[in-house]
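The file structure.csv comes next; it holds CSV, C-alpha atoms and all ligand atoms.
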chain,number,residue,atom,x,y,z
R,1,MET,CA,-26.3,1.7,0.3
R,2,ARG,CA,-25.0,0.6,3.7
R,3,ALA,CA,-22.3,2.8,5.3
R,4,VAL,CA,-20.6,3.4,8.6
R,5,VAL,CA,-21.9,6.9,9.7
R,6,PHE,CA,-21.1,9.0,12.7
R,7,GLU,CA,-23.1,12.1,13.7
R,8,ARG,CA,-20.7,13.4,16.4
R,9,PHE,CA,-17.0,13.2,16.9
R,10,GLY,CA,-16.0,10.5,19.3
R,11,GLU,CA,-19.5,9.1,19.7
R,12,PRO,CA,-20.3,5.6,18.4
R,13,ALA,CA,-20.6,5.2,14.7
R,14,GLU,CA,-23.3,3.0,13.2
R,15,VAL,CA,-24.1,1.1,10.1
R,16,ARG,CA,-27.1,2.5,8.3
R,17,GLU,CA,-28.7,3.0,4.9
R,18,VAL,CA,-27.7,6.2,3.2
R,19,ALA,CA,-28.1,7.5,-0.4
R,20,ASP,CA,-25.9,6.0,-3.0
R,21,PRO,CA,-23.1,8.4,-4.3
R,22,ARG,CA,-23.1,9.7,-7.9
R,23,PRO,CA,-20.0,10.3,-9.9
R,24,ALA,CA,-18.8,13.8,-10.6
R,25,GLU,CA,-18.2,14.6,-14.4
R,26,HIS,CA,-14.5,13.8,-13.9
R,27,GLY,CA,-15.1,11.1,-11.2
R,28,VAL,CA,-16.2,7.6,-10.7
R,29,VAL,CA,-18.2,5.6,-8.1
R,30,VAL,CA,-16.4,2.5,-7.0
R,31,ARG,CA,-18.1,-0.6,-5.5
R,32,VAL,CA,-15.9,-1.1,-2.4
R,33,GLU,CA,-14.6,-4.6,-2.1
R,34,ALA,CA,-12.1,-3.9,0.7
R,35,THR,CA,-11.1,-0.9,2.8
R,36,GLY,CA,-8.3,-0.8,5.3
R,37,LEU,CA,-8.8,0.3,8.9
R,38,CYS,CA,-6.2,2.9,9.6
R,39,ARG,CA,-5.3,5.1,12.5
R,40,SER,CA,-6.1,8.2,10.4
R,41,ASP,CA,-9.7,6.9,10.4
R,42,TRP,CA,-9.6,7.0,14.2
R,43,HIS,CA,-8.3,10.6,14.1
R,44,ALA,CA,-11.1,11.5,11.7
R,45,TRP,CA,-13.7,10.1,14.1
R,46,GLN,CA,-12.1,11.9,17.0
R,47,GLY,CA,-12.5,15.2,15.3
R,48,HIS,CA,-8.8,15.8,14.8
R,49,ASP,CA,-9.2,16.7,11.1
R,50,PRO,CA,-10.6,20.2,10.3
R,51,ASP,CA,-11.7,19.1,6.8
R,52,ILE,CA,-14.5,16.9,8.1
R,53,THR,CA,-18.1,17.9,8.3
R,54,LEU,CA,-20.8,15.9,10.0
R,55,PRO,CA,-22.5,13.5,9.5
R,56,HIS,CA,-19.5,11.6,8.1
R,57,VAL,CA,-18.4,8.3,6.6
R,58,PRO,CA,-14.7,7.4,7.2
R,59,GLY,CA,-12.5,5.2,5.1
R,60,HIS,CA,-9.7,6.1,2.7
R,61,GLU,CA,-7.6,3.1,1.7
R,62,LEU,CA,-9.7,1.0,-0.7
R,63,ALA,CA,-9.9,-1.2,-3.6
R,64,GLY,CA,-12.9,-2.2,-5.7
R,65,VAL,CA,-14.7,-2.2,-9.0
R,66,VAL,CA,-15.7,0.8,-11.0
R,67,GLU,CA,-19.5,1.0,-10.9
R,68,ALA,CA,-20.3,4.3,-12.6
R,69,VAL,CA,-18.3,6.8,-14.6
R,70,GLY,CA,-18.7,10.5,-15.1
R,71,ALA,CA,-19.1,11.9,-18.6
R,72,ARG,CA,-15.6,13.4,-18.9
R,73,VAL,CA,-13.6,10.3,-17.7
R,74,ALA,CA,-11.5,9.0,-20.5
R,75,ASP,CA,-9.5,6.1,-19.1
R,76,TRP,CA,-11.8,4.0,-17.0
R,77,ARG,CA,-14.9,1.8,-17.6
R,78,PRO,CA,-17.4,0.1,-15.3
R,79,GLY,CA,-15.9,-3.3,-14.3
R,80,ASP,CA,-12.3,-2.0,-14.0
R,81,ARG,CA,-10.6,-3.2,-10.7
R,82,VAL,CA,-9.0,-0.2,-9.1
R,83,THR,CA,-7.3,1.3,-6.1
R,84,VAL,CA,-6.5,4.9,-5.4
R,85,PRO,CA,-4.0,7.0,-3.4
R,86,PHE,CA,-5.8,8.5,-0.4
R,87,VAL,CA,-4.7,11.9,-1.6
R,88,CYS,CA,-6.8,12.4,-4.8
R,89,ALA,CA,-5.2,15.2,-6.8
R,90,CYS,CA,-6.9,17.8,-9.1
R,91,GLY,CA,-4.4,17.2,-11.9
R,92,THR,CA,-4.1,20.8,-12.9
R,93,CYS,CA,-2.6,22.9,-10.0
R,94,PRO,CA,1.1,23.8,-10.0
R,95,ALA,CA,2.0,20.9,-7.7
R,96,CYS,CA,0.2,18.5,-10.0
R,97,ALA,CA,1.8,20.0,-13.1
R,98,ALA,CA,5.2,19.3,-11.4
R,99,GLY,CA,4.2,15.7,-10.9
R,100,ASP,CA,3.7,16.1,-7.1
R,101,GLN,CA,0.1,15.1,-6.9
R,102,GLN,CA,0.6,13.8,-3.4
R,103,VAL,CA,0.7,17.5,-2.2
R,104,CYS,CA,-1.9,18.8,-4.6
R,105,GLU,CA,-3.2,22.2,-3.8
R,106,ARG,CA,-6.8,21.2,-4.4
R,107,GLN,CA,-6.7,17.6,-3.2
R,108,THR,CA,-9.7,15.6,-2.0
R,109,GLN,CA,-9.4,12.7,0.3
R,110,PRO,CA,-12.2,10.1,0.6
R,111,GLY,CA,-13.0,9.7,4.3
R,112,PHE,CA,-11.9,13.2,5.1
R,113,THR,CA,-12.9,15.9,2.6
R,114,HIS,CA,-16.0,13.8,1.6
R,115,TRP,CA,-17.6,10.5,2.5
R,116,GLY,CA,-15.2,7.6,2.4
R,117,SER,CA,-15.1,3.9,1.8
R,118,PHE,CA,-16.6,2.4,5.0
R,119,ALA,CA,-19.5,1.9,2.7
R,120,GLU,CA,-20.7,-0.2,-0.2
R,121,TYR,CA,-19.9,2.5,-2.7
R,122,VAL,CA,-17.5,5.5,-2.7
R,123,ALA,CA,-17.2,8.5,-5.1
R,124,LEU,CA,-13.7,9.4,-6.2
R,125,ASP,CA,-12.8,12.6,-8.0
R,126,HIS,CA,-10.6,13.2,-11.1
R,127,ALA,CA,-10.5,9.5,-12.0
R,128,ASP,CA,-8.0,9.9,-14.9
R,129,VAL,CA,-5.5,11.4,-12.5
R,130,ASN,CA,-6.0,9.2,-9.5
R,131,LEU,CA,-7.1,5.7,-10.3
R,132,VAL,CA,-4.6,2.8,-10.4
R,133,ALA,CA,-5.4,-0.5,-12.0
R,134,VAL,CA,-5.2,-3.4,-9.6
R,135,PRO,CA,-2.8,-6.0,-11.0
R,136,ASP,CA,-4.2,-9.4,-12.0
R,137,GLY,CA,-3.9,-11.9,-9.2
R,138,MET,CA,-3.8,-9.3,-6.5
R,139,THR,CA,-6.8,-9.5,-4.1
R,140,SER,CA,-8.8,-6.4,-3.2
R,141,ALA,CA,-7.8,-6.8,0.5
R,142,THR,CA,-4.1,-6.5,-0.5
R,143,ALA,CA,-4.8,-3.7,-3.0
R,144,ALA,CA,-6.6,-1.7,-0.4
R,145,SER,CA,-3.5,-1.4,1.7
R,146,LEU,CA,-1.6,0.2,-1.3
R,147,GLY,CA,-3.8,3.3,-1.1
R,148,CYS,CA,-2.5,4.5,2.2
R,149,ARG,CA,0.0,2.6,4.4
R,150,PHE,CA,2.0,0.6,1.9
R,151,ALA,CA,2.4,3.3,-0.8
R,152,THR,CA,3.0,5.9,1.9
R,153,ALA,CA,5.7,3.8,3.5
R,154,PHE,CA,7.2,3.1,0.0
R,155,ARG,CA,7.5,6.8,-0.8
R,156,ALA,CA,8.8,7.6,2.8
R,157,VAL,CA,11.5,4.9,2.6
R,158,VAL,CA,12.5,4.9,-1.1
R,159,ARG,CA,11.8,8.4,-2.4
R,160,GLN,CA,11.9,10.8,0.6
R,161,GLY,CA,14.2,8.6,2.7
R,162,ARG,CA,16.5,7.6,-0.2
R,163,VAL,CA,17.2,4.3,1.5
R,164,ALA,CA,20.4,2.5,0.5
R,165,ALA,CA,21.6,-1.1,0.9
R,166,GLY,CA,23.6,-1.6,4.1
R,167,GLU,CA,22.2,1.4,5.9
R,168,TRP,CA,20.6,1.3,9.3
R,169,VAL,CA,16.9,2.2,9.2
R,170,ALA,CA,15.0,2.8,12.4
R,171,VAL,CA,11.2,2.5,12.3
R,172,HIS,CA,9.4,4.0,15.3
R,173,GLY,CA,5.9,2.5,15.5
R,174,CYS,CA,5.1,-0.8,13.8
R,175,GLY,CA,1.4,-0.5,12.9
R,176,GLY,CA,0.4,-0.9,9.3
R,177,VAL,CA,2.6,1.8,7.9
R,178,GLY,CA,5.5,0.9,10.1
R,179,LEU,CA,5.4,-2.8,9.2
R,180,SER,CA,5.2,-1.8,5.6
R,181,ALA,CA,8.3,0.4,6.0
R,182,VAL,CA,10.1,-2.4,7.7
R,183,MET,CA,9.4,-4.7,4.8
R,184,ILE,CA,10.3,-2.2,2.2
R,185,ALA,CA,13.5,-1.1,3.9
R,186,ALA,CA,14.6,-4.7,4.4
R,187,ALA,CA,13.9,-5.5,0.8
R,188,ALA,CA,16.1,-2.6,-0.2
R,189,GLY,CA,19.0,-4.2,1.7
R,190,ALA,CA,18.9,-2.0,4.8
R,191,ARG,CA,19.3,-3.3,8.3
R,192,VAL,CA,16.1,-2.4,10.1
R,193,VAL,CA,15.6,-1.6,13.8
R,194,ALA,CA,11.9,-1.9,14.6
R,195,VAL,CA,10.7,0.0,17.7
R,196,ASP,CA,7.3,-0.5,19.3
R,197,VAL,CA,5.7,-1.2,22.7
R,198,SER,CA,3.7,-4.2,21.4
R,199,PRO,CA,5.4,-7.6,21.5
R,200,ARG,CA,3.0,-8.8,18.7
R,201,ALA,CA,4.0,-5.8,16.5
R,202,LEU,CA,7.7,-6.6,17.1
R,203,GLU,CA,7.1,-10.2,16.3
R,204,LEU,CA,5.6,-9.2,12.9
R,205,ALA,CA,8.4,-6.7,12.3
R,206,ARG,CA,10.9,-9.6,12.8
R,207,LYS,CA,8.9,-11.7,10.3
R,208,PHE,CA,9.0,-8.9,7.8
R,209,GLY,CA,12.8,-8.5,7.9
R,210,ALA,CA,13.7,-6.4,10.9
R,211,ALA,CA,17.3,-7.2,12.0
R,212,GLU,CA,16.7,-5.8,15.5
R,213,CYS,CA,13.5,-5.3,17.5
R,214,PHE,CA,13.3,-3.0,20.4
R,215,ASP,CA,10.5,-2.9,23.0
R,216,ALA,CA,10.1,0.9,23.7
R,217,GLY,CA,8.1,0.1,26.8
R,218,ARG,CA,11.2,-1.4,28.4
R,219,ALA,CA,13.5,1.7,28.3
R,220,GLN,CA,13.4,5.4,29.3
R,221,ASP,CA,15.5,6.4,26.3
R,222,THR,CA,14.5,4.8,23.0
R,223,ALA,CA,16.8,7.0,21.0
R,224,ALA,CA,19.9,5.9,23.0
R,225,ALA,CA,18.9,2.3,22.5
R,226,VAL,CA,18.7,2.8,18.7
R,227,ARG,CA,22.1,4.6,18.7
R,228,GLU,CA,23.6,1.7,20.5
R,229,LEU,CA,22.0,-1.0,18.3
R,230,THR,CA,23.2,0.8,15.2
R,231,GLY,CA,26.7,1.6,16.2
R,232,GLY,CA,26.1,5.3,16.5
R,233,GLY,CA,22.7,6.0,15.1
R,234,ALA,CA,20.4,5.2,12.2
R,235,HIS,CA,21.1,6.6,8.7
R,236,LEU,CA,17.4,6.9,8.1
R,237,SER,CA,14.7,7.0,10.7
R,238,LEU,CA,10.9,7.1,10.4
R,239,ASP,CA,8.3,8.2,12.9
R,240,ALA,CA,5.6,5.9,11.6
R,241,LEU,CA,3.3,6.4,14.6
R,242,GLY,CA,3.0,10.2,14.8
R,243,SER,CA,3.4,11.5,18.4
R,244,PRO,CA,5.7,14.1,19.9
R,245,ALA,CA,7.6,11.3,21.7
R,246,THR,CA,8.2,9.1,18.7
R,247,CYS,CA,9.1,12.1,16.5
R,248,ALA,CA,11.7,13.2,19.0
R,249,ALA,CA,13.1,9.7,19.5
R,250,SER,CA,13.4,9.3,15.7
R,251,VAL,CA,15.4,12.5,15.3
R,252,ASP,CA,17.5,11.7,18.4
R,253,GLY,CA,18.3,8.2,17.2
R,254,LEU,CA,20.0,9.4,14.0
R,255,ARG,CA,23.7,9.5,13.3
R,256,ARG,CA,25.5,12.4,11.7
R,257,ARG,CA,23.8,13.6,8.5
R,258,GLY,CA,21.0,11.2,9.0
R,259,ARG,CA,17.5,11.6,7.6
R,260,HIS,CA,14.3,11.7,9.6
R,261,VAL,CA,11.0,11.2,7.7
R,262,GLN,CA,7.8,12.0,9.4
R,263,VAL,CA,5.1,9.6,8.2
R,264,GLY,CA,2.7,9.3,11.1
R,265,LEU,CA,0.2,12.1,11.2
R,266,LEU,CA,0.6,14.7,14.0
R,267,PRO,CA,-2.9,16.0,14.2
R,268,SER,CA,-3.5,19.6,15.2
R,269,ALA,CA,-5.3,18.5,18.4
R,270,THR,CA,-2.0,17.7,19.9
R,271,GLY,CA,-0.7,21.2,19.1
R,272,THR,CA,2.7,22.0,17.5
R,273,THR,CA,5.2,19.2,17.7
R,274,PRO,CA,8.6,20.0,19.2
R,275,VAL,CA,11.6,18.7,17.1
R,276,PRO,CA,15.1,18.6,18.7
R,277,MET,CA,16.4,21.3,16.3
R,278,ALA,CA,19.8,21.7,18.1
R,279,ARG,CA,20.6,18.2,17.1
R,280,VAL,CA,19.4,18.8,13.6
R,281,ILE,CA,21.9,21.6,13.3
R,282,ALA,CA,24.9,20.1,15.1
R,283,LEU,CA,24.6,16.8,13.2
R,284,GLU,CA,23.4,18.2,9.9
R,285,LEU,CA,20.3,16.1,10.0
R,286,GLU,CA,17.6,16.2,7.3
R,287,VAL,CA,13.9,16.5,8.5
R,288,LEU,CA,11.5,15.4,5.8
R,289,GLY,CA,7.8,14.9,5.4
R,290,SER,CA,6.1,12.2,3.4
R,291,HIS,CA,2.4,12.5,2.4
R,292,GLY,CA,1.0,9.5,0.4
R,293,MET,CA,2.2,8.8,-3.1
R,294,ALA,CA,1.0,10.0,-6.5
R,295,ALA,CA,-0.9,7.5,-8.7
R,296,HIS,CA,1.6,7.9,-11.6
R,297,THR,CA,4.5,6.8,-9.4
R,298,TYR,CA,2.9,3.4,-8.5
R,299,PRO,CA,4.4,1.3,-11.3
R,300,PRO,CA,7.9,0.7,-9.8
R,301,MET,CA,6.3,-0.3,-6.5
R,302,LEU,CA,3.8,-2.6,-8.3
R,303,GLU,CA,6.6,-4.2,-10.2
R,304,LEU,CA,8.4,-5.1,-6.9
R,305,VAL,CA,5.1,-6.6,-5.7
R,306,ARG,CA,4.6,-8.5,-8.9
R,307,ALA,CA,8.2,-9.9,-8.6
R,308,GLY,CA,7.5,-11.0,-5.0
R,309,THR,CA,10.2,-8.7,-3.6
R,310,LEU,CA,7.5,-6.9,-1.6
R,311,ARG,CA,4.6,-8.8,-0.1
R,312,PRO,CA,1.8,-6.4,1.0
R,313,ASP,CA,-0.5,-9.5,1.1
R,314,LEU,CA,1.3,-10.7,4.2
R,315,LEU,CA,0.5,-7.5,6.1
R,316,VAL,CA,-3.2,-8.2,6.1
R,317,THR,CA,-3.8,-10.0,9.4
R,318,SER,CA,-7.6,-9.9,9.6
R,319,THR,CA,-10.8,-9.1,7.7
R,320,LEU,CA,-14.1,-7.9,9.1
R,321,PRO,CA,-17.6,-7.3,7.7
R,322,LEU,CA,-18.9,-3.7,7.6
R,323,ALA,CA,-21.1,-4.4,10.7
R,324,ALA,CA,-17.9,-4.8,12.8
R,325,ALA,CA,-16.3,-1.6,11.6
R,326,PRO,CA,-17.7,0.8,14.3
R,327,ASP,CA,-16.3,-1.2,17.2
R,328,ALA,CA,-13.0,-1.8,15.4
R,329,LEU,CA,-12.7,1.9,14.7
R,330,ALA,CA,-13.3,2.7,18.4
R,331,ALA,CA,-10.7,0.1,19.5
R,332,LEU,CA,-8.0,1.8,17.5
R,333,GLY,CA,-7.6,4.5,20.1
R,334,ASP,CA,-6.3,2.3,22.8
R,335,ALA,CA,-4.5,-0.3,20.6
R,336,PRO,CA,-3.2,1.0,17.3
R,337,GLY,CA,-3.0,-2.7,16.4
R,338,ALA,CA,-0.5,-5.0,14.9
R,339,GLY,CA,-0.8,-5.8,11.2
R,340,VAL,CA,-3.6,-4.6,9.0
R,341,THR,CA,-7.3,-5.1,9.4
R,342,VAL,CA,-9.4,-4.9,6.2
R,343,ILE,CA,-13.2,-4.4,6.1
R,344,GLU,CA,-15.1,-6.0,3.3
R,345,PRO,CA,-18.5,-4.2,2.9
R,346,TRP,CA,-19.9,-7.0,0.7
R,347,GLY,CA,-18.2,-9.8,2.7
S,1,ZN,ZN,-4.5,5.3,6.2
S,2,ZN,ZN,-3.5,19.6,-8.0
Please, can you express the file's structure as structure tokens?
Ligand SMILES: [Zn+2]
Ligand SMILES: [Zn+2]
Amino acid sequence: MRAVVFERFGEPAEVREVADPRPAEHGVVVRVEATGLCRSDWHAWQGHDPDITLPHVPGHELAGVVEAVGARVADWRPGDRVTVPFVCACGTCPACAAGDQQVCERQTQPGFTHWGSFAEYVALDHADVNLVAVPDGMTSATAASLGCRFATAFRAVVRQGRVAAGEWVAVHGCGGVGLSAVMIAAAAGARVVAVDVSPRALELARKFGAAECFDAGRAQDTAAAVRELTGGGAHLSLDALGSPATCAASVDGLRRRGRHVQVGLLPSATGTTPVPMARVIALELEVLGSHGMAAHTYPPMLELVRAGTLRPDLLVTSTLPLAAAPDALAALGDAPGAGVTVIEPWG
């Protein structure tokens, strides 16, 4: 098969022929129809993730068609259209037994713990635990975004963030996950303040329902601006980018008893991230993490998509062939990008 391969962290990746994957007993191989380009892929390529061994194929938010099935898979057949959460769970550890597959103790992640979906085929483990059927009528490009940014944003806003109608929700960073969060929070009846340095990202945030858009490049103190726009601070705030500055601004922009949800990855290469804990105590803030979303919790989100309340299809702003993936991956460092780029290996 053809795949995007890199031999060294940070050096150009290339498209080349590699061996086709084979399914594990409990796993499947999926023919990749679409795979999202995500900032986590850039972190993987930069060497920020200790799970990765070289050479490596990135890519973790995908949709496609089941091609081959392991002997112990009960629920899936070749030809099934599927997507998958980027956290693939084992199904049997204590976290999985409690229904928290998104923090599985023995999780695998395509594009991190093994070769990912910037390829014509990808192997996925524990298919009966992790695969999600793509609803009829949903394109693979749209379904790919469900595996990482959209589902991650959904869990961050709805489950971890416990969004309520009428609340102010601040979203720091309006790339793919941030724009998804804007759309999901607005659909829940919240008033959303979108924060980014990119005019294009803010324009999209407005389109997806943000009530206020704030250009973080124009102010010294983003948190103060959020507090002013929201009449005292957001009820719920997300760092959807993942940086020490956006994390601190998110916490500082909350009102009393507000909830901060960390969604953007804070890779270890940047060291430990300072959080303004004095404010957390004084205002009784909650600081929460959000890490993907378990496959068995997809149905309520898919129902909102089916009803047209949520429109992940609108987030996909460009599609590229596999050959363009290495340059697009490299470009993510300077410009996290507005909207969602999807790679179509067979396109
Ligand atoms: Zn991702
Ligand atoms: Zn597990």
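Each residue with an atom within 7 Å of any atom of ligand ZN 1 (chain S) appears in the list, which was built counting all atoms listed in the file: R:Cys38, R:Arg39, R:Ser40, R:Asp41, R:His60, R:Glu61, R:Cys148, R:Arg149.
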Could you pull out the residues sitting within 8 Å of ligand ZN 2 (chain S), using all atoms listed in the file, and write them as a CSV table (one decimal) with C-alpha atoms, keeping the file's coordinate frame?
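New file selection_26.csv:
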chain,number,residue,atom,x,y,z
R,89,ALA,CA,-5.2,15.2,-6.8
R,90,CYS,CA,-6.9,17.8,-9.1
R,91,GLY,CA,-4.4,17.2,-11.9
R,92,THR,CA,-4.1,20.8,-12.9
R,93,CYS,CA,-2.6,22.9,-10.0
R,94,PRO,CA,1.1,23.8,-10.0
R,95,ALA,CA,2.0,20.9,-7.7
R,96,CYS,CA,0.2,18.5,-10.0
R,97,ALA,CA,1.8,20.0,-13.1
R,101,GLN,CA,0.1,15.1,-6.9
R,103,VAL,CA,0.7,17.5,-2.2
R,104,CYS,CA,-1.9,18.8,-4.6
R,105,GLU,CA,-3.2,22.2,-3.8
R,106,ARG,CA,-6.8,21.2,-4.4
R,107,GLN,CA,-6.7,17.6,-3.2
Exercise. Tell me, as a ChimeraX atom specification, which residues lie within 9 Å of Thr230 in chain R, counting all atoms listed in the file; anything in the same chain fewer than 6 positions away does not count.
Key: /R:168-170,191,193,255
Practice problem: Determine the nearest neighbour of Ala188 in chain R from the options R:Thr272, R:Thr309, R:Gln46, R:Thr139, counting all atoms listed in the file. | Solution: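 Of R:Thr272, R:Thr309, R:Gln46, R:Thr139, the one nearest Ala188 in chain R is R:Thr309, counting all atoms listed in the file.
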Quiz item: With all atoms listed in the file as the basis for distance, which of R:Ser237, R:Ser250, R:Ser243, R:Ser290 is at the shortest distance from Leu266 in chain R?
Solution: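 Selected residue with least distance to Leu266 in chain R: R:Ser243.
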Quiz item: Which of these, R:Leu131, R:Ala201, R:Val251, R:Ile343, has the shortest distance to Ala3 in chain R once you count all atoms listed in the file?
Solution: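 Nearest candidate to Ala3 in chain R out of R:Leu131, R:Ala201, R:Val251, R:Ile343: R:Ile343.
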Practice problem: Check the smallest atom-to-atom distance from each of R:Leu315, R:Ala19, R:Val5, R:Met301 to His56 in chain R using all atoms listed in the file, then report the winner. | Solution: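 Nearest to His56 in chain R: R:Val5.
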Practice problem: Kindly give the distance, in Å, that separates CA of Ala186 in chain R and CA of Leu302 in chain R, rounded to a single decimal. | Solution: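 A separation of 16.8 Å between them.
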Quiz item: Nearest to Pro276 in chain R among R:Val263, R:Val28, R:Leu124, R:Ala249, with distances taken over only C-alpha atoms: which residue is it?
Solution: R:Ala249
Quiz item: Looking at all atoms listed in the file, which of R:Pro50, R:Pro135, R:Pro244, R:Pro274 is the one that sits closest to Thr113 in chain R?
Solution: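 Comparing R:Pro50, R:Pro135, R:Pro244, R:Pro274 against Thr113 in chain R, the winner is R:Pro50.
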Practice problem: State, in Å with one decimal place, the distance from CA of Ala164 in chain R to CA of Ile184 in chain R. | Solution: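 These two atoms are separated by 11.3 Å.
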Practice problem: Identify the residues within 12 Å of coordinate (15.7, 8.6, -1.6) (same frame as the file), considering all atoms listed in the file, and give the answer as a ChimeraX atom specification. | Solution: /R:154-165,185,188,235-236,259-261,286,288,290
Practice problem: Rounded to one decimal place, report the CA of Lys207 in chain R-CA of Ala187 in chain R distance in Å. | Solution: 12.4 Å
Practice problem: Please provide the set of residues having any atom within 9 Å of Pro58 in chain R, restricted to only C-alpha atoms, with same-chain residues fewer than 4 positions apart removed, written as a list in words. | Solution: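 Result of the neighbour search: Val4, Val5, Phe6, Asp41, Trp42, Ala44, Trp45, Pro110, Gly111, Phe112, His114, Trp115, Gly116, Ser117, Phe118 and Ala119 of chain R.
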Selection above as a file: C-alpha atoms, as a compact mmCIF listing (two decimals), keeping the file's coordinate frame:
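Output saved as selection.txt:
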# COMPACT_ATOMS: atom_id res chain seq x y z
CA VAL R 4 -20.60 3.40 8.60
CA VAL R 5 -21.90 6.90 9.70
CA PHE R 6 -21.10 9.00 12.70
CA ASP R 41 -9.70 6.90 10.40
CA TRP R 42 -9.60 7.00 14.20
CA ALA R 44 -11.10 11.50 11.70
CA TRP R 45 -13.70 10.10 14.10
CA PRO R 110 -12.20 10.10 0.60
CA GLY R 111 -13.00 9.70 4.30
CA PHE R 112 -11.90 13.20 5.10
CA HIS R 114 -16.00 13.80 1.60
CA TRP R 115 -17.60 10.50 2.50
CA GLY R 116 -15.20 7.60 2.40
CA SER R 117 -15.10 3.90 1.80
CA PHE R 118 -16.60 2.40 5.00
CA ALA R 119 -19.50 1.90 2.70
Quiz prompt | Neighbours of point (-4.8, 4.5, 15.7) within 10 Å, using all atoms listed in the file, written as number ranges by chain | solution = R: 37-43, 175-176, 241-242, 329-337
Quiz item: Any idea what's packed within 12 Å of Ala68 in chain R, counting only C-alpha atoms, ignoring anything in its chain fewer than 6 positions away? Could you give it as a ChimeraX atom specification?
Solution: /R:20-31,76-80,121-124,127
Written file, previous selection with C-alpha atoms, as an mmCIF file, in the coordinates of the input:
data_model
loop_
_atom_site.group_PDB
_atom_site.id
_atom_site.type_symbol
_atom_site.label_atom_id
_atom_site.label_comp_id
_atom_site.auth_asym_id
_atom_site.auth_seq_id
_atom_site.Cartn_x
_atom_site.Cartn_y
_atom_site.Cartn_z
ATOM 1 C CA ASP R 20 -25.900 6.000 -3.000
ATOM 2 C CA PRO R 21 -23.100 8.400 -4.300
ATOM 3 C CA ARG R 22 -23.100 9.700 -7.900
ATOM 4 C CA PRO R 23 -20.000 10.300 -9.900
ATOM 5 C CA ALA R 24 -18.800 13.800 -10.600
ATOM 6 C CA GLU R 25 -18.200 14.600 -14.400
ATOM 7 C CA HIS R 26 -14.500 13.800 -13.900
ATOM 8 C CA GLY R 27 -15.100 11.100 -11.200
ATOM 9 C CA VAL R 28 -16.200 7.600 -10.700
ATOM 10 C CA VAL R 29 -18.200 5.600 -8.100
ATOM 11 C CA VAL R 30 -16.400 2.500 -7.000
ATOM 12 C CA ARG R 31 -18.100 -0.600 -5.500
ATOM 13 C CA TRP R 76 -11.800 4.000 -17.000
ATOM 14 C CA ARG R 77 -14.900 1.800 -17.600
ATOM 15 C CA PRO R 78 -17.400 0.100 -15.300
ATOM 16 C CA GLY R 79 -15.900 -3.300 -14.300
ATOM 17 C CA ASP R 80 -12.300 -2.000 -14.000
ATOM 18 C CA TYR R 121 -19.900 2.500 -2.700
ATOM 19 C CA VAL R 122 -17.500 5.500 -2.700
ATOM 20 C CA ALA R 123 -17.200 8.500 -5.100
ATOM 21 C CA LEU R 124 -13.700 9.400 -6.200
ATOM 22 C CA ALA R 127 -10.500 9.500 -12.000
#
Quiz item: Which residues come within 7 Å of Phe150 in chain R, counting only C-alpha atoms, excluding same-chain residues fewer than 4 positions away, as a ChimeraX atom specification?
Solution: /R:145-146,154,177,180
Selecting N, CA and C atoms, how would range 113-123 of chain R from this structure be written as a short mmCIF file (atom, residue, chain, number, x, y, z; two decimals), in the first residue's frame?
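And here is the file that came out, selection.cif:
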data_model
loop_
_atom_site.label_atom_id
_atom_site.label_comp_id
_atom_site.auth_asym_id
_atom_site.auth_seq_id
_atom_site.Cartn_x
_atom_site.Cartn_y
_atom_site.Cartn_z
N THR R 113 0.51 4.85 18.73
CA THR R 113 1.08 3.60 19.26
C THR R 113 1.38 2.60 18.13
N HIS R 114 0.77 2.80 16.98
CA HIS R 114 1.11 1.98 15.81
C HIS R 114 0.82 2.81 14.57
N TRP R 115 1.10 2.24 13.39
CA TRP R 115 0.94 3.02 12.16
C TRP R 115 -0.52 3.45 11.98
N GLY R 116 -0.67 4.68 11.51
CA GLY R 116 -1.98 5.30 11.41
C GLY R 116 -2.55 5.33 10.01
N SER R 117 -3.44 6.26 9.79
CA SER R 117 -4.34 6.25 8.64
C SER R 117 -3.92 7.18 7.50
N PHE R 118 -2.72 7.76 7.53
CA PHE R 118 -2.22 8.46 6.34
C PHE R 118 -1.68 7.39 5.40
N ALA R 119 -2.59 6.53 4.98
CA ALA R 119 -2.23 5.33 4.25
C ALA R 119 -3.49 4.77 3.59
N GLU R 120 -3.29 3.84 2.68
CA GLU R 120 -4.46 3.25 2.02
C GLU R 120 -5.22 2.30 2.95
N TYR R 121 -4.47 1.69 3.91
CA TYR R 121 -5.12 0.79 4.87
C TYR R 121 -4.57 1.06 6.27
N VAL R 122 -5.39 0.80 7.28
CA VAL R 122 -4.93 0.93 8.66
C VAL R 122 -5.50 -0.24 9.48
N ALA R 123 -4.69 -0.76 10.40
CA ALA R 123 -5.15 -1.81 11.31
C ALA R 123 -5.70 -1.17 12.58
#
